[in-house]
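Participant: Have a look at the structure that comes next, please.
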Amino acid sequence: MNGNIYHNRKAQWVAYVAVFVLLALVPTVFDNPFTLNQLARYSVFALLAVSVSLIWGFGGILSLGQGIAFGLASYGMGMTMQMQFQNPEYDPIPSFMLTNELETLPLLWEPFLSTPVGLILTILVPTGFFVIFGILMFQARVAGVFVAIMTLAMLAAWYSMAYDMQPFTAGFNGISPPLPLQIFGGEVDPYSPLAYWICVGVLATLTLATKALLHTKFGLIVQAIRDDAERARFLGYNVAYYQVVVFAISGFLAAWAGLCWVMIVQYVSPTSMEIAFSISMVVWAAVGGRASLLGAIIGAFMVNGIQSYLGDELQQVWMLILGAIFIGVVLFLPRGIAGLLELILSKVPFGRGPSGAQWSAETGTEEKAS
Amino acid sequence: MTSVLELKGVTRAFNDYIAVNGFDLTVNEGELRCLLGPNGAGKTTSLDLITGRQKLTSGSVHLRGNDITHMSEQQIARQGVGRKFQVPAVFKELSVKDNFEVAFTRERGPFANMAVMRRSDGEARYNEIIEIVGLGDRLEVPAGLLSHGETQWLEIGMVLMQDPSLLLMDEPTAGMTEQETAKTSDIFNELKGTHTLIVVEHDMSFVREIADIITVMHMGSLLAEGTISEIENNSVVREVYLGSEGIS
């Protein structure tokens, strides 16, 4: 059989690992703190694109609400880091609360006095919210564009809440923890290689775990539900259950992105839940190729890289440029950069010839899931 | 013989319009039952009611004595009812092989299936199915690229992969060429006896090839039931459905 190396699982794993190893080696070449911090930010965006790729590209659910998980986790992390600065004895309350006439620490903030509890809540709350929100939507068989509308509306609601609950969230100004994250007796300087490695490490671990998950039968069924939910239901699968699980996993990934984000920017505000930001995540995944996790990562790095290196005049019209890129991809490259790569690699003979025959015998039963 | 499926007074009303009206049906083990009737007679709606896609207004459905009237689609599927849709439904972006793999449903829960590496099982089973429906040379092809006939066979194969005790086939030969229809009737004749089937079909030559007993529906109710010759000679059936010239 004339195979395409793009669909070969071993080759896929090699490509994934190679990309992450390259990313991990960056600090040995560049030691410019600004560049490292910027690349760490891109890795966070890449993780968000992976979460979109999972839910949209593989699950067939277009969620415009990934910013909910990202934003909730960002606030969780911001609160955790803020409380690390406060002293329970003589300075228990963040200063913005005092200016908002709060005299005691609100109950909402209490758990964040403990860093481990704060970090666990940072991941658990967004994931839990996605479970509940997912149950409400998918149990009622909401599908297609209606999921996009509901997630968008929910995102807008959280945005206004973060904006309006000024005594608790510092409103529009947001929370700027004065100190970097203190952990294991040290601190994570946002501009250090350590912070960069944490971000890349989280991205690599979660992406590889997601990829492994997609290679299980669970992953196959998720893709089957994307293609035809009714057919899957009549095979006896509880479609809503699967959708809730995959939605929650995508929220879990976005939550980790939020955690890493605040670690490297030391700031959280309602902009983390802005609608335009969540839509950008979808664009990154679409440009890179939503049916490929690695493609989504490449898309996030590319789009953000382009944005950073455009001149100041062009920054003004960035949203227009982004829109044009998106339309171009939708029209000419519906499977994104990954799809282009798939097409190019299909021209390259693979799995033929004397040494190739063995490969194809061994991998002939493999199937695509990039 | 034991009855596999038993419908009693099954009724489905949409406001004033009664799609299925007090329909009774008993299908026995190993039988291939053909469901005939003009458009709007309630054939597909009856399948919807059996499989839980629509809820009954009144009446009951029993599968091997178990009441499945109020179960959800996936529960009924798990009880052993497999269904092929009128418009073929397959997973278009997945390969033929993966379609079979998804249809092999030993574990149903998401977490149980996270531990199942793909293609670890099911292989022996789909080799058996491929013997019946063909497609052995098309395993790596995405299902969306199959011809119409092949798509129909794939879906029949997927329903078999489920290993159901009752198979419901909604117009399996719709849109098929003559050769494809001939192959499909071979498939059904092979299934007959070892499987229990209900086939909704319009193509009378196909029905003649495969049917044991025919049930004719009209206006949502049972009109007649009998062997092919009984039905062909039934004057009421001729009048409402087959036309005065009889079955062509």
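In the structure tokens, chains take letters A, B, ... by order of appearance, with residues numbered from 1 within each chain and ligands from 1 in the order shown.
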In range 93-199 of chain A, what's strand (DSSP E) per DSSP? Answer as an MDAnalysis selection string?

Facilitator: chainID A and resid 181:183 186:188

Participant: Residues of chain A within 6 Å of chain B, using only C-alpha atoms, as an MDAnalysis selection string?

Facilitator: chainID A and resid 216:218 224 227:228 233:237 242

Participant: Set the distance at 10 Å and use only C-alpha atoms: which residues neighbour Ala212 in chain A once local chain neighbours fewer than 3 positions away are removed? I'd like the list as a list in words.

Facilitator: Trp13, Leu206, Thr207, Leu208, Ala209, His215, Thr216, Gly219 and Ala369 of chain A; Met114 and Met117 of chain B

Participant: How would the residues just picked look written out with N, CA, C and O atoms as a short mmCIF file (atom, residue, chain, number, x, y, z; two decimals), in the first residue's frame?

Facilitator:
data_model
loop_
_atom_site.label_atom_id
_atom_site.label_comp_id
_atom_site.auth_asym_id
_atom_site.auth_seq_id
_atom_site.Cartn_x
_atom_site.Cartn_y
_atom_site.Cartn_z
N TRP A 13 4.91 10.61 16.30
CA TRP A 13 5.50 10.76 17.63
C TRP A 13 6.88 11.38 17.53
O TRP A 13 7.25 12.25 18.32
N LEU A 206 1.17 17.90 28.31
CA LEU A 206 -0.28 17.83 28.05
C LEU A 206 -0.57 17.48 26.59
O LEU A 206 -1.52 16.76 26.30
N THR A 207 0.25 17.99 25.67
CA THR A 207 0.01 17.69 24.26
C THR A 207 0.24 16.20 24.00
O THR A 207 -0.57 15.54 23.33
N LEU A 208 1.33 15.66 24.52
CA LEU A 208 1.61 14.24 24.29
C LEU A 208 0.55 13.36 24.95
O LEU A 208 0.12 12.35 24.38
N ALA A 209 0.11 13.78 26.14
CA ALA A 209 -0.94 13.00 26.81
C ALA A 209 -2.24 13.04 26.00
O ALA A 209 -2.92 12.02 25.84
N HIS A 215 -5.30 8.35 20.56
CA HIS A 215 -5.00 7.06 19.94
C HIS A 215 -5.73 5.89 20.61
O HIS A 215 -5.66 4.77 20.14
N THR A 216 -6.39 6.16 21.73
CA THR A 216 -7.17 5.09 22.35
C THR A 216 -8.53 5.00 21.65
O THR A 216 -8.86 5.83 20.81
N GLY A 219 -10.58 8.11 21.93
CA GLY A 219 -10.30 9.13 20.92
C GLY A 219 -11.00 8.84 19.60
O GLY A 219 -11.49 9.73 18.93
N ALA A 369 -4.32 9.94 12.83
CA ALA A 369 -4.83 10.69 13.99
C ALA A 369 -3.67 11.57 14.37
O ALA A 369 -2.86 11.20 15.19
N MET B 114 -10.82 4.67 27.40
CA MET B 114 -9.51 5.33 27.40
C MET B 114 -8.41 4.29 27.60
O MET B 114 -7.26 4.52 27.26
N MET B 117 -6.59 0.38 23.78
CA MET B 117 -5.82 0.87 22.65
C MET B 117 -6.56 0.42 21.40
O MET B 117 -7.14 -0.64 21.35
#

Participant: Need to verify the contact set: Ala41 in chain B, 7 Å, only C-alpha atoms, exclusion of same-chain residues closer than 5 positions in sequence. Can you return it as a list in words?

Facilitator: Met217, His218, Met219 and Gly220 of chain B

Participant: May I have the residues from that selection written out with N, CA, C and O atoms, as a PDB file, in the first residue's frame?

Facilitator:
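Output saved as result_38.pdb:
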ATOM      1  N   MET B 217     -48.202  -1.953   5.891  1.00  0.00           N
ATOM      2  CA  MET B 217     -48.786  -0.876   6.698  1.00  0.00           C
ATOM      3  C   MET B 217     -49.505   0.099   5.784  1.00  0.00           C
ATOM      4  O   MET B 217     -49.116   0.305   4.637  1.00  0.00           O
ATOM      5  N   HIS B 218     -50.533   0.717   6.339  1.00  0.00           N
ATOM      6  CA  HIS B 218     -51.234   1.757   5.609  1.00  0.00           C
ATOM      7  C   HIS B 218     -51.818   2.722   6.626  1.00  0.00           C
ATOM      8  O   HIS B 218     -52.428   2.296   7.602  1.00  0.00           O
ATOM      9  N   MET B 219     -51.625   3.990   6.421  1.00  0.00           N
ATOM     10  CA  MET B 219     -52.133   5.026   7.323  1.00  0.00           C
ATOM     11  C   MET B 219     -51.776   4.733   8.789  1.00  0.00           C
ATOM     12  O   MET B 219     -52.582   4.954   9.683  1.00  0.00           O
ATOM     13  N   GLY B 220     -50.593   4.233   9.006  1.00  0.00           N
ATOM     14  CA  GLY B 220     -50.131   4.039  10.373  1.00  0.00           C
ATOM     15  C   GLY B 220     -50.617   2.770  11.039  1.00  0.00           C
ATOM     16  O   GLY B 220     -50.323   2.541  12.210  1.00  0.00           O
TER      17      GLY B 220
END

Participant: Could you pull the residues within 12 Å of Gly226 in chain B, counting only C-alpha atoms, minus those fewer than 4 positions along the same chain, as a list of chain:residue names?

Facilitator: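 Residues meeting the cut-off are B:Arg33, B:Cys34, B:Leu35, B:Leu36, B:Ala211, B:Asp212, B:Ile213, B:Ile214, B:Thr215, B:Val216, B:Leu222, B:Glu230, B:Ile231, B:Glu232, B:Asn233, B:Asn234, B:Val237.
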
Participant: Suppose you want the space between CA of Glu178 in chain B and CA of Gly37 in chain B; what is it in Å?

Facilitator: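 CA of Gly37 in chain B lies 21.9 Å from CA of Glu178 in chain B.
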
Participant: Distance CA of Gly305 in chain A-CA of Leu322 in chain A, one decimal place?

Facilitator: 12.1 Å

Participant: Would you mind listing what lies within 10 Å of Ser250 in chain A as a VMD selection string, with only C-alpha atoms counted and same-chain residues fewer than 3 positions away left out?

Facilitator: chain A and resid 47 to 56 59 63 66 69 127 130 210 244 to 247 253 to 255

Participant: Selected residues, C-alpha atoms, written as a short mmCIF file (atom, residue, chain, number, x, y, z; two decimals), in the first residue's frame, please.

Facilitator:
data_model
loop_
_atom_site.label_atom_id
_atom_site.label_comp_id
_atom_site.auth_asym_id
_atom_site.auth_seq_id
_atom_site.Cartn_x
_atom_site.Cartn_y
_atom_site.Cartn_z
CA LEU A 47 -1.62 25.08 24.65
CA LEU A 48 -4.84 27.04 24.14
CA ALA A 49 -4.72 26.14 20.45
CA VAL A 50 -4.28 22.48 21.43
CA SER A 51 -7.38 22.71 23.61
CA VAL A 52 -9.31 24.16 20.64
CA SER A 53 -7.93 21.50 18.33
CA LEU A 54 -9.11 18.77 20.70
CA ILE A 55 -12.63 20.06 21.18
CA TRP A 56 -13.20 21.41 17.67
CA GLY A 59 -14.63 16.55 18.96
CA SER A 63 -16.28 26.21 21.51
CA GLN A 66 -12.09 28.37 25.97
CA ALA A 69 -11.31 28.13 31.59
CA THR A 127 -12.45 21.97 34.77
CA PHE A 130 -16.70 22.84 32.08
CA THR A 210 -3.77 14.34 24.64
CA VAL A 244 -18.89 16.27 28.40
CA VAL A 245 -15.65 14.38 29.01
CA VAL A 246 -13.86 15.77 25.96
CA PHE A 247 -15.17 19.29 26.70
CA LEU A 253 -5.89 22.15 29.08
CA ALA A 254 -7.02 25.79 28.88
CA ALA A 255 -6.85 26.00 32.68
#

Participant: As an exercise, work out the distance from CA of Ile327 in chain A to CA of Tyr159 in chain A in Å and give it to one decimal place.

Facilitator: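 Interatomic distance, CA of Ile327 in chain A to CA of Tyr159 in chain A: 27.0 Å.
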
Participant: List every residue of range 94-216 of chain B that DSSP, applied to the backbone, labels as alpha helix (DSSP H), and write the result as a ChimeraX atom specification.

Facilitator: /B:96-103,110-114,123-133,148-161,178-191,204-210

Participant: From the options A:Ser272, A:Pro178, A:Gly288, A:Phe30, which residue's atoms come nearest to Val329 in chain A, counting only C-alpha atoms?

Facilitator: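 Of A:Ser272, A:Pro178, A:Gly288, A:Phe30, the one nearest Val329 in chain A is A:Gly288, counting only C-alpha atoms.
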
Participant: Using only C-alpha atoms, pick whichever of B:Glu201, B:Tyr126, B:Phe206, B:Ser221 has the shortest atom-to-atom distance to Arg12 in chain B.

Facilitator: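 Once distances to Arg12 in chain B are computed over only C-alpha atoms, the minimum belongs to B:Ser221.
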
Participant: Skipping near chain neighbours, those fewer than 6 positions away, what residues fall within 9 Å of Ala170 in chain A using only C-alpha atoms, listed as an MDAnalysis selection string?

Facilitator: chainID A and resid 96:97 100 162:164 269
